[in-house]
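Report on the structure given below.
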Amino acid sequence: DPTVAAPGVFVMGFLVHEQVRSIILFSRAQGIERFAALAPATPYGETIVDALNQILLQTGGRLTRVAYYDPSGSNLDDVVRVLADYDSRHNELLAQRTALASRNDAVSRSALQRLERLDTIGDVPFDAILLPEQGGRLTEVAALLPFYDIDPARVQLLGTLLWHTPGLGKAPALVGGWSPAPSPKSNATFYSRYLSLH
């Protein structure tokens with residue numbers, strides 16, 4: 001919270017706005033244009049979304065979806081389901097199956113067989129999703145995305161410095177996710193200098 005800074009009171013660490021700027025600038029450089037945010041309904045979550053809005057206005061990206069969930073996680077399933085447009089995409093799939101089943105030709109039967117393996121049809125309206133969460137809740141959130149057909153192979157997962165914890169990259173749902181982090185070499189230099197002064 002940068003507002004606590006005052007004469008004799010210093011803010012140490014990386015500000016939320018800078019964390020979001022870093023990951024969004026990197027994402028934009030990779031060609032990502034459409035973003036979503038799935039955040040806890042907390043002052044931190046709201047600050048992340050505000051920063052995301054400001055930075056996307058500056059960089060030309062678009063924020064197409066924002067969803068907030070209760071910090072306890074009690075409504076997480078419902079929120080992710082709505083964020084994913086799961087019901088409308090599922091109903092569209094059912095309609096296409098019905099239409100194909102009413103035809104009796106080889107092409108329609110072949111298409112119907114391919115659709116039988118799917119739960120939904122169509123894409124979500126974003127190419128990346130920012131998940132400002134940590135620990136077990138982050139793993140839970142990330143695992144729900146593919147459950148509701150937000151495909152991590154097609155939608156890039158983005159995080160904040162909350163993701164900078166040992167072992168996080170081993171969680172299957174988060175493999176390939178991007179998050180900002182300080183350079184390990186710069187960190188080691190800072191720690192050495194700090195220790196030498198005290």
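By order in the structure tokens, chains are A, B, ...; within a chain, residues start at 1; ligands start at 1, following the order shown.
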
- request: Determine which residues of stretch 37-140 of chain A receive a DSSP assignment of alpha helix (DSSP H), computed from the backbone, and state them as a PyMOL selection string.
  value: chain A and resi 43-59+76-83+86-102+106-115+135-140

Query raised in the report: So which residues touch A:Ile23 within 12 Å, counting only C-alpha atoms, skipping near sequence neighbours fewer than 2 positions away, as a PyMOL selection string?
Result: chain A and resi 16-21+25-30+32+35+48+51-52+55-56+128-132+156-161+177-182

Among stretch 6-191 of chain A, which ones does DSSP assign to strand (DSSP E) (computed from the backbone)? Answer as a PDB file with C-alpha atoms, in the first residue's frame.
```
ATOM      1  CA  ARG A  34      -7.575  -9.686 -24.955  1.00  0.00           C
ATOM      2  CA  PHE A  35      -7.351 -10.108 -21.179  1.00  0.00           C
ATOM      3  CA  ALA A  36      -9.568 -11.311 -18.351  1.00  0.00           C
ATOM      4  CA  ALA A  37      -9.125 -11.114 -14.591  1.00  0.00           C
ATOM      5  CA  LEU A  38     -10.345 -13.558 -11.969  1.00  0.00           C
ATOM      6  CA  ALA A  39      -9.666 -11.967  -8.596  1.00  0.00           C
ATOM      7  CA  PRO A  40     -10.702 -12.257  -4.969  1.00  0.00           C
ATOM      8  CA  ARG A  62      -8.529  -4.950 -24.019  1.00  0.00           C
ATOM      9  CA  LEU A  63     -10.020  -6.156 -20.750  1.00  0.00           C
ATOM     10  CA  THR A  64     -12.923  -8.316 -21.912  1.00  0.00           C
ATOM     11  CA  ARG A  65     -13.937 -10.011 -18.659  1.00  0.00           C
ATOM     12  CA  VAL A  66     -13.605  -9.416 -14.911  1.00  0.00           C
ATOM     13  CA  ALA A  67     -14.925 -11.751 -12.254  1.00  0.00           C
ATOM     14  CA  TYR A  68     -14.601 -11.529  -8.484  1.00  0.00           C
ATOM     15  CA  TYR A  69     -15.039 -14.447  -6.096  1.00  0.00           C
ATOM     16  CA  ALA A 128      -4.949 -14.468 -21.196  1.00  0.00           C
ATOM     17  CA  ILE A 129      -6.322 -14.447 -17.665  1.00  0.00           C
ATOM     18  CA  LEU A 130      -4.740 -12.735 -14.666  1.00  0.00           C
ATOM     19  CA  GLN A 156      -2.292 -17.889 -21.098  1.00  0.00           C
ATOM     20  CA  LEU A 157      -2.345 -17.885 -17.296  1.00  0.00           C
ATOM     21  CA  LEU A 158      -0.822 -14.773 -15.709  1.00  0.00           C
TER      22      LEU A 158
END
```

Excluding same-chain residues fewer than 5 positions from A:Ala84, what lies within 8 Å of it counting only C-alpha atoms, as a VMD selection string? chain A and resid 124 145 148 to 150

Next, dump the selected residues to file, keeping only N, CA, C and O atoms, as a PDB file, in the first residue's frame.
```
ATOM      1  N   VAL A 124     -13.553 -18.736 -25.496  1.00  0.00           N
ATOM      2  CA  VAL A 124     -13.816 -17.659 -24.547  1.00  0.00           C
ATOM      3  C   VAL A 124     -13.285 -16.359 -25.162  1.00  0.00           C
ATOM      4  O   VAL A 124     -12.392 -16.405 -26.006  1.00  0.00           O
ATOM      5  N   LEU A 145     -10.342 -23.832 -14.197  1.00  0.00           N
ATOM      6  CA  LEU A 145     -10.406 -23.258 -15.541  1.00  0.00           C
ATOM      7  C   LEU A 145     -10.606 -24.330 -16.612  1.00  0.00           C
ATOM      8  O   LEU A 145     -11.564 -24.250 -17.386  1.00  0.00           O
ATOM      9  N   TYR A 148     -14.065 -26.000 -16.686  1.00  0.00           N
ATOM     10  CA  TYR A 148     -15.123 -25.259 -17.366  1.00  0.00           C
ATOM     11  C   TYR A 148     -14.699 -24.819 -18.774  1.00  0.00           C
ATOM     12  O   TYR A 148     -15.169 -23.823 -19.300  1.00  0.00           O
ATOM     13  N   ASP A 149     -13.803 -25.598 -19.367  1.00  0.00           N
ATOM     14  CA  ASP A 149     -13.389 -25.431 -20.766  1.00  0.00           C
ATOM     15  C   ASP A 149     -12.720 -24.096 -21.071  1.00  0.00           C
ATOM     16  O   ASP A 149     -12.893 -23.537 -22.144  1.00  0.00           O
ATOM     17  N   ILE A 150     -11.942 -23.602 -20.136  1.00  0.00           N
ATOM     18  CA  ILE A 150     -10.994 -22.526 -20.431  1.00  0.00           C
ATOM     19  C   ILE A 150      -9.666 -23.256 -20.591  1.00  0.00           C
ATOM     20  O   ILE A 150      -9.052 -23.674 -19.617  1.00  0.00           O
TER      21      ILE A 150
END
```

Residue with the minimum atom-to-atom distance to A:Asp87, picked from A:Thr120, A:Ser108, A:Thr59, A:Ser72 with only C-alpha atoms counted, is A:Thr120

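Around A:Pro71, within 10 Å and counting only C-alpha atoms, the residues found are Ala39, Pro40, Ala41, Thr42, Gly45, Glu133 and Arg137 of chain A, once anything fewer than 6 positions away on its own chain is removed.
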
Selection file, N, CA, C and O atoms, as a CSV table (one decimal), in the first residue's frame:
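Result file follows (selection34.csv):
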```
chain,number,residue,atom,x,y,z
A,39,ALA,N,-10.3,-12.5,-9.8
A,39,ALA,CA,-9.7,-12.0,-8.6
A,39,ALA,C,-10.5,-12.1,-7.4
A,39,ALA,O,-11.8,-12.2,-7.5
A,40,PRO,N,-9.9,-12.2,-6.2
A,40,PRO,CA,-10.7,-12.3,-5.0
A,40,PRO,C,-11.4,-10.9,-4.8
A,40,PRO,O,-10.8,-9.9,-5.1
A,41,ALA,N,-12.6,-10.9,-4.2
A,41,ALA,CA,-13.3,-9.7,-3.9
A,41,ALA,C,-12.7,-9.1,-2.6
A,41,ALA,O,-13.3,-9.1,-1.5
A,42,THR,N,-11.5,-8.5,-2.7
A,42,THR,CA,-10.8,-7.9,-1.6
A,42,THR,C,-10.2,-6.6,-2.1
A,42,THR,O,-10.1,-6.4,-3.3
A,45,GLY,N,-7.6,-7.6,-4.7
A,45,GLY,CA,-8.1,-8.0,-5.9
A,45,GLY,C,-8.6,-6.8,-6.7
A,45,GLY,O,-8.4,-6.7,-8.0
A,133,GLU,N,-3.6,-14.6,-7.1
A,133,GLU,CA,-3.9,-15.5,-5.9
A,133,GLU,C,-2.6,-16.2,-5.6
A,133,GLU,O,-1.6,-16.2,-6.3
A,137,ARG,N,-5.4,-21.8,-2.8
A,137,ARG,CA,-6.5,-21.2,-3.6
A,137,ARG,C,-6.1,-21.0,-5.0
A,137,ARG,O,-6.9,-21.2,-5.9
```

Residue with the minimum atom-to-atom distance to A:Asp70, picked from A:Gly167, A:Pro152, A:Pro7, A:Pro43 with only C-alpha atoms counted, is A:Pro43

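Across the model, the gap from atom CA of A:Ala111 to atom CA of A:Arg89 is 17.2 Å.
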
Excluding A:Gly136 and its own-chain neighbours fewer than 3 positions away, which residues fall within 12 Å of it when counting only C-alpha atoms? Please give them as a PDB file with C-alpha atoms, in the first residue's frame.
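Result file result07.pdb:
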```pdb
ATOM      1  CA  SER A  72     -13.254 -17.893   1.162  1.00  0.00           C
ATOM      2  CA  GLY A  73     -13.675 -19.562  -2.239  1.00  0.00           C
ATOM      3  CA  GLU A 133      -3.866 -15.457  -5.949  1.00  0.00           C
ATOM      4  CA  THR A 139      -4.106 -24.169  -7.443  1.00  0.00           C
ATOM      5  CA  GLU A 140      -7.871 -24.535  -6.928  1.00  0.00           C
ATOM      6  CA  VAL A 141      -8.644 -21.606  -9.250  1.00  0.00           C
ATOM      7  CA  ALA A 142      -6.254 -22.856 -11.939  1.00  0.00           C
ATOM      8  CA  ALA A 143      -7.706 -26.376 -11.819  1.00  0.00           C
ATOM      9  CA  LEU A 162       2.216 -13.987  -5.172  1.00  0.00           C
ATOM     10  CA  TRP A 163       3.181 -16.773  -7.564  1.00  0.00           C
ATOM     11  CA  THR A 165       6.826 -19.418  -4.173  1.00  0.00           C
ATOM     12  CA  GLY A 167       7.293 -25.581  -5.984  1.00  0.00           C
ATOM     13  CA  LEU A 168       4.455 -23.636  -7.592  1.00  0.00           C
ATOM     14  CA  ALA A 171       1.246 -27.759 -10.085  1.00  0.00           C
ATOM     15  CA  ALA A 173      -2.696 -26.545 -13.887  1.00  0.00           C
ATOM     16  CA  LEU A 174      -0.052 -23.781 -13.630  1.00  0.00           C
TER      17      LEU A 174
END
```

What lies within 12 Å of A:His90 using only C-alpha atoms, ignoring chain neighbours under 6 positions off, as a PyMOL selection string? chain A and resi 81-82+84+96-97+115-116+118-123+148-149

Review point. If you measure from atom CA of A:Val11 to atom CA of A:Gly61, what distance in Å do you get, rounded to one decimal?
Key: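 That distance, rounded to one decimal, is 29.5 Å.
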